[in-house]
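This is my_file13.cif. It holds mmCIF, N, CA and C atoms.
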data_entry
loop_
_atom_site.label_atom_id
_atom_site.label_comp_id
_atom_site.auth_asym_id
_atom_site.auth_seq_id
_atom_site.Cartn_x
_atom_site.Cartn_y
_atom_site.Cartn_z
N ASP A 27 98.93 195.44 174.52
CA ASP A 27 98.08 195.45 175.69
C ASP A 27 98.82 194.87 176.87
N GLU A 28 98.15 194.77 177.98
CA GLU A 28 98.80 194.30 179.20
C GLU A 28 99.28 192.86 179.08
N GLY A 29 98.60 192.05 178.28
CA GLY A 29 98.98 190.66 178.11
C GLY A 29 100.10 190.44 177.11
N GLY A 30 100.55 191.52 176.47
CA GLY A 30 101.65 191.41 175.54
C GLY A 30 101.25 191.06 174.13
N GLU A 31 99.96 190.97 173.85
CA GLU A 31 99.48 190.66 172.51
C GLU A 31 99.06 191.94 171.80
N PHE A 32 99.07 191.90 170.48
CA PHE A 32 98.63 193.04 169.69
C PHE A 32 97.10 193.09 169.67
N GLN A 33 96.53 194.28 169.88
CA GLN A 33 95.09 194.48 169.80
C GLN A 33 94.82 195.81 169.13
N VAL A 34 93.64 195.92 168.53
CA VAL A 34 93.18 197.20 167.99
C VAL A 34 92.40 197.89 169.10
N MET A 35 92.78 199.13 169.36
CA MET A 35 92.13 199.93 170.40
C MET A 35 91.51 201.16 169.74
N VAL A 36 90.39 201.63 170.28
CA VAL A 36 89.79 202.88 169.85
C VAL A 36 89.54 203.73 171.09
N ALA A 37 89.53 205.05 170.88
CA ALA A 37 89.30 205.99 171.97
C ALA A 37 88.72 207.27 171.40
N ASN A 38 88.16 208.08 172.26
CA ASN A 38 87.71 209.41 171.84
C ASN A 38 88.92 210.24 171.43
N SER A 39 88.68 211.32 170.70
CA SER A 39 89.79 212.14 170.20
C SER A 39 90.61 212.76 171.32
N ASP A 40 90.06 212.87 172.53
CA ASP A 40 90.84 213.41 173.65
C ASP A 40 91.57 212.31 174.42
N GLY A 41 91.47 211.06 173.95
CA GLY A 41 92.16 209.95 174.59
C GLY A 41 91.33 209.22 175.62
N SER A 42 90.18 209.74 175.96
CA SER A 42 89.34 209.09 176.96
C SER A 42 88.53 207.95 176.32
N GLY A 43 87.98 207.10 177.17
CA GLY A 43 87.08 206.06 176.70
C GLY A 43 87.74 204.97 175.88
N GLY A 44 89.03 204.75 176.07
CA GLY A 44 89.73 203.75 175.29
C GLY A 44 89.22 202.34 175.56
N LYS A 45 89.12 201.54 174.48
CA LYS A 45 88.72 200.15 174.64
C LYS A 45 89.32 199.32 173.52
N ALA A 46 89.60 198.08 173.84
CA ALA A 46 90.07 197.14 172.83
C ALA A 46 88.86 196.62 172.06
N ILE A 47 88.98 196.59 170.73
CA ILE A 47 87.88 196.04 169.94
C ILE A 47 88.28 194.71 169.29
N THR A 48 89.47 194.24 169.58
CA THR A 48 89.88 192.90 169.17
C THR A 48 90.32 192.15 170.41
N SER A 49 90.38 190.85 170.28
CA SER A 49 90.94 190.01 171.33
C SER A 49 91.66 188.89 170.60
N GLY A 50 92.27 188.04 171.31
CA GLY A 50 92.97 186.95 170.66
C GLY A 50 94.46 187.06 170.85
N SER A 51 95.11 185.99 170.48
CA SER A 51 96.55 185.94 170.66
C SER A 51 97.16 185.14 169.53
N ASP A 52 98.44 184.91 169.61
CA ASP A 52 99.17 184.11 168.64
C ASP A 52 99.14 184.70 167.23
N ARG A 53 99.05 186.01 167.14
CA ARG A 53 99.17 186.69 165.84
C ARG A 53 99.56 188.13 166.08
N GLN A 54 100.10 188.74 165.04
CA GLN A 54 100.42 190.16 165.09
C GLN A 54 99.52 190.87 164.08
N LEU A 55 99.12 192.06 164.41
CA LEU A 55 98.23 192.83 163.54
C LEU A 55 99.04 193.83 162.74
N VAL A 56 98.72 193.94 161.46
CA VAL A 56 99.43 194.84 160.56
C VAL A 56 98.44 195.48 159.59
N ASN A 57 98.86 196.58 158.99
CA ASN A 57 98.16 197.18 157.86
C ASN A 57 96.67 197.43 158.13
N MET A 58 96.36 198.32 159.05
CA MET A 58 94.98 198.61 159.42
C MET A 58 94.44 199.82 158.67
N GLY A 59 93.11 199.88 158.54
CA GLY A 59 92.48 201.04 157.92
C GLY A 59 91.01 201.14 158.25
N TRP A 60 90.53 202.37 158.38
CA TRP A 60 89.12 202.65 158.66
C TRP A 60 88.29 202.60 157.39
N SER A 61 87.04 202.16 157.51
CA SER A 61 86.09 202.30 156.40
C SER A 61 85.68 203.76 156.32
N PRO A 62 85.24 204.23 155.14
CA PRO A 62 84.85 205.64 155.01
C PRO A 62 83.74 206.08 155.97
N ASP A 63 82.84 205.17 156.34
CA ASP A 63 81.76 205.54 157.27
C ASP A 63 82.17 205.39 158.74
N SER A 64 83.41 205.00 158.99
CA SER A 64 84.00 204.84 160.34
C SER A 64 83.32 203.77 161.18
N LYS A 65 82.60 202.86 160.55
CA LYS A 65 81.94 201.78 161.30
C LYS A 65 82.78 200.51 161.38
N LEU A 66 83.76 200.38 160.48
CA LEU A 66 84.58 199.17 160.42
C LEU A 66 86.06 199.52 160.39
N ILE A 67 86.87 198.61 160.91
CA ILE A 67 88.30 198.67 160.74
C ILE A 67 88.71 197.36 160.10
N ALA A 68 89.48 197.45 159.02
CA ALA A 68 90.04 196.26 158.38
C ALA A 68 91.49 196.14 158.81
N TYR A 69 91.94 194.91 158.98
CA TYR A 69 93.35 194.69 159.29
C TYR A 69 93.79 193.33 158.78
N ASN A 70 95.06 193.24 158.47
CA ASN A 70 95.70 191.97 158.16
C ASN A 70 96.40 191.49 159.41
N ASP A 71 96.58 190.17 159.49
CA ASP A 71 97.37 189.65 160.60
C ASP A 71 98.44 188.71 160.09
N SER A 72 99.29 188.28 161.00
CA SER A 72 100.44 187.46 160.62
C SER A 72 100.06 186.04 160.23
N THR A 73 98.79 185.67 160.32
CA THR A 73 98.33 184.37 159.82
C THR A 73 97.85 184.48 158.39
N MET A 74 98.11 185.64 157.76
CA MET A 74 97.72 185.93 156.37
C MET A 74 96.20 186.00 156.21
N SER A 75 95.52 186.51 157.23
CA SER A 75 94.08 186.67 157.18
C SER A 75 93.73 188.15 157.16
N LEU A 76 92.66 188.48 156.44
CA LEU A 76 92.11 189.83 156.42
C LEU A 76 90.85 189.81 157.27
N HIS A 77 90.76 190.74 158.20
CA HIS A 77 89.63 190.80 159.13
C HIS A 77 88.91 192.12 158.99
N LEU A 78 87.62 192.11 159.31
CA LEU A 78 86.82 193.32 159.48
C LEU A 78 86.28 193.32 160.89
N VAL A 79 86.47 194.43 161.60
CA VAL A 79 85.98 194.57 162.97
C VAL A 79 84.94 195.67 163.00
N ASP A 80 83.77 195.37 163.55
CA ASP A 80 82.74 196.37 163.78
C ASP A 80 83.15 197.18 165.00
N VAL A 81 83.36 198.47 164.82
CA VAL A 81 83.86 199.32 165.91
C VAL A 81 82.87 199.40 167.06
N GLU A 82 81.59 199.42 166.76
CA GLU A 82 80.55 199.53 167.81
C GLU A 82 80.46 198.25 168.65
N THR A 83 80.42 197.09 168.00
CA THR A 83 80.17 195.84 168.72
C THR A 83 81.43 195.04 169.03
N GLY A 84 82.51 195.29 168.30
CA GLY A 84 83.72 194.50 168.46
C GLY A 84 83.68 193.18 167.71
N LYS A 85 82.62 192.93 166.94
CA LYS A 85 82.54 191.68 166.18
C LYS A 85 83.67 191.65 165.15
N ASP A 86 84.49 190.62 165.22
CA ASP A 86 85.68 190.47 164.38
C ASP A 86 85.43 189.32 163.42
N LYS A 87 85.39 189.63 162.13
CA LYS A 87 85.09 188.62 161.12
C LYS A 87 86.28 188.43 160.20
N ASN A 88 86.73 187.19 160.07
CA ASN A 88 87.78 186.84 159.12
C ASN A 88 87.13 186.76 157.75
N VAL A 89 87.50 187.67 156.84
CA VAL A 89 86.83 187.73 155.54
C VAL A 89 87.64 187.12 154.40
N ALA A 90 88.93 186.92 154.59
CA ALA A 90 89.74 186.32 153.52
C ALA A 90 91.03 185.76 154.10
N ARG A 91 91.41 184.64 153.57
CA ARG A 91 92.74 184.07 153.84
C ARG A 91 93.55 184.40 152.61
N THR A 92 94.68 185.03 152.78
CA THR A 92 95.41 185.57 151.64
C THR A 92 96.79 184.94 151.51
N THR A 93 97.40 185.22 150.40
CA THR A 93 98.79 184.86 150.19
C THR A 93 99.56 186.16 150.08
N GLY A 94 100.84 186.08 150.14
CA GLY A 94 101.62 187.30 149.98
C GLY A 94 102.58 187.51 151.11
N SER A 95 102.90 188.75 151.34
CA SER A 95 103.92 189.09 152.33
C SER A 95 103.35 189.08 153.74
N TRP A 96 104.25 189.04 154.71
CA TRP A 96 103.85 189.08 156.11
C TRP A 96 103.05 190.34 156.42
N GLY A 97 103.30 191.41 155.70
CA GLY A 97 102.62 192.67 155.93
C GLY A 97 101.17 192.69 155.48
N GLY A 98 100.71 191.61 154.90
CA GLY A 98 99.32 191.53 154.47
C GLY A 98 99.11 192.05 153.07
N VAL A 99 97.88 191.94 152.62
CA VAL A 99 97.55 192.38 151.26
C VAL A 99 96.96 193.78 151.30
N PRO A 100 97.23 194.56 150.26
CA PRO A 100 96.59 195.88 150.18
C PRO A 100 95.07 195.71 150.05
N PHE A 101 94.34 196.62 150.69
CA PHE A 101 92.88 196.60 150.59
C PHE A 101 92.38 198.02 150.47
N SER A 102 91.16 198.14 149.97
CA SER A 102 90.55 199.46 149.81
C SER A 102 89.04 199.32 149.93
N PHE A 103 88.44 200.20 150.72
CA PHE A 103 86.98 200.22 150.86
C PHE A 103 86.36 201.02 149.73
N SER A 104 85.15 200.65 149.33
CA SER A 104 84.38 201.48 148.41
C SER A 104 83.94 202.74 149.16
N PRO A 105 83.65 203.82 148.45
CA PRO A 105 83.26 205.07 149.12
C PRO A 105 82.05 204.94 150.05
N ASP A 106 81.14 204.00 149.76
CA ASP A 106 79.96 203.81 150.61
C ASP A 106 80.18 202.76 151.71
N SER A 107 81.38 202.21 151.80
CA SER A 107 81.78 201.22 152.80
C SER A 107 81.09 199.87 152.66
N LYS A 108 80.41 199.64 151.54
CA LYS A 108 79.70 198.37 151.36
C LYS A 108 80.59 197.26 150.80
N TRP A 109 81.72 197.62 150.23
CA TRP A 109 82.61 196.66 149.59
C TRP A 109 84.04 196.91 150.03
N ILE A 110 84.82 195.84 150.00
CA ILE A 110 86.25 195.96 150.23
C ILE A 110 86.95 195.19 149.11
N ALA A 111 87.90 195.80 148.49
CA ALA A 111 88.68 195.17 147.43
C ALA A 111 90.04 194.81 147.98
N ILE A 112 90.53 193.64 147.61
CA ILE A 112 91.88 193.25 148.02
C ILE A 112 92.69 192.88 146.79
N GLN A 113 93.97 193.07 146.93
CA GLN A 113 94.91 192.70 145.88
C GLN A 113 95.63 191.44 146.36
N ASN A 114 95.28 190.31 145.77
CA ASN A 114 95.82 189.03 146.22
C ASN A 114 96.40 188.31 145.01
N PHE A 115 97.67 188.04 145.03
CA PHE A 115 98.32 187.36 143.91
C PHE A 115 98.52 185.90 144.21
#
Any chance you could put this one into C-alpha cells?
Amino acid sequence: DEGGEFQVMVANSDGSGGKAITSGSDRQLVNMGWSPDSKLIAYNDSTMSLHLVDVETGKDKNVARTTGSWGGVPFSFSPDSKWIAIQNF
C-alpha cells in the first residue's frame, strides 16, 4: 500500500472498487486463501499468527498463534466454511 506495509486488498473482477480489508503494520502477510463461501480470507503473518478477515466488514480476528516456518502453517477450510483446520507441529 501507499504506506509501505502489506495489506489484503479486494476488488471487483474488473479491478474497480478496490479496498483494503486489513490494516496494521510491523508484519508481513503470507499464505492467503479464500473460504469456500467467499466471506472470509485466512492469512498467516510474520508474527506466526493465523488470521481470519471478514471480507464484508474488514473485521480481522487472530485465531491462532502458531509455530513453524516464516511462511505460516498450512490451513484448509471445511466445504461449508464453518471450520478451519491447521497443521501445527
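Using only C-alpha atoms, the shortest contact distance between Pro105 in chain A and any of A:Ser75, A:Thr83, A:Thr92, A:Ser64 is found at A:Ser64.
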>> DSSP on the backbone: which residues in chain A end up as strand (DSSP E)? Give the answer as a PyMOL selection string.
In response: chain A and resi 35-36+45-46+55-60+66-71+75-80+86-91+101-103+110-112
>> Residue by residue, what does the PyMOL selection byres ((chain A and resi 56-63) around 7) grab here? Present the result as a list in words.
In response: Gln54, Leu55, Ser64, Lys65, Leu66, Ile67, Ala68, Tyr69, Asn70, Asp71, Ser72, Gly97, Gly98, Phe103, Ser104, Pro105, Asp106 and Ser107 of chain A
> Between atom N of Asn88 in chain A and atom C of Arg53 in chain A, what is the distance, to one decimal in Å?
Replying inline: 14.2 Å
>> I want to know what sits within 8 Å of Lys85 in chain A, based on all atoms listed in the file, with residues of the same chain fewer than 6 positions away left out; could you give that as a ChimeraX atom specification?
In response: /A:47-48,78-79
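CA of Gly41 in chain A to atom N of His77 in chain A spans 25.3 Å [interatomic distance, one decimal].
Distance-wise, atom N of Gly50 in chain A and CA of Asp80 in chain A end up 14.7 Å apart.
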> What do you get, as a PyMOL selection string, if you spell out every residue that the PyMOL selection byres ((chain A and resi 101) around 5) selects here?
Replying inline: chain A and resi 99-100+102-103+111-112
Just N, CA and C atoms for this one: save the residues we selected as a CSV table (one decimal), in the frame of the given file.
chain,number,residue,atom,x,y,z
A,99,VAL,N,97.9,191.9,152.6
A,99,VAL,CA,97.6,192.4,151.3
A,99,VAL,C,97.0,193.8,151.3
A,100,PRO,N,97.2,194.6,150.3
A,100,PRO,CA,96.6,195.9,150.2
A,100,PRO,C,95.1,195.7,150.0
A,102,SER,N,91.2,198.1,150.0
A,102,SER,CA,90.6,199.5,149.8
A,102,SER,C,89.0,199.3,149.9
A,103,PHE,N,88.4,200.2,150.7
A,103,PHE,CA,87.0,200.2,150.9
A,103,PHE,C,86.4,201.0,149.7
A,111,ALA,N,87.9,195.8,148.5
A,111,ALA,CA,88.7,195.2,147.4
A,111,ALA,C,90.0,194.8,148.0
A,112,ILE,N,90.5,193.6,147.6
A,112,ILE,CA,91.9,193.2,148.0
A,112,ILE,C,92.7,192.9,146.8
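Counting all atoms listed in the file, the residue from A:Lys87, A:Gln33, A:Thr93, A:Gln113 that sits nearest to Lys45 in chain A is A:Gln33.
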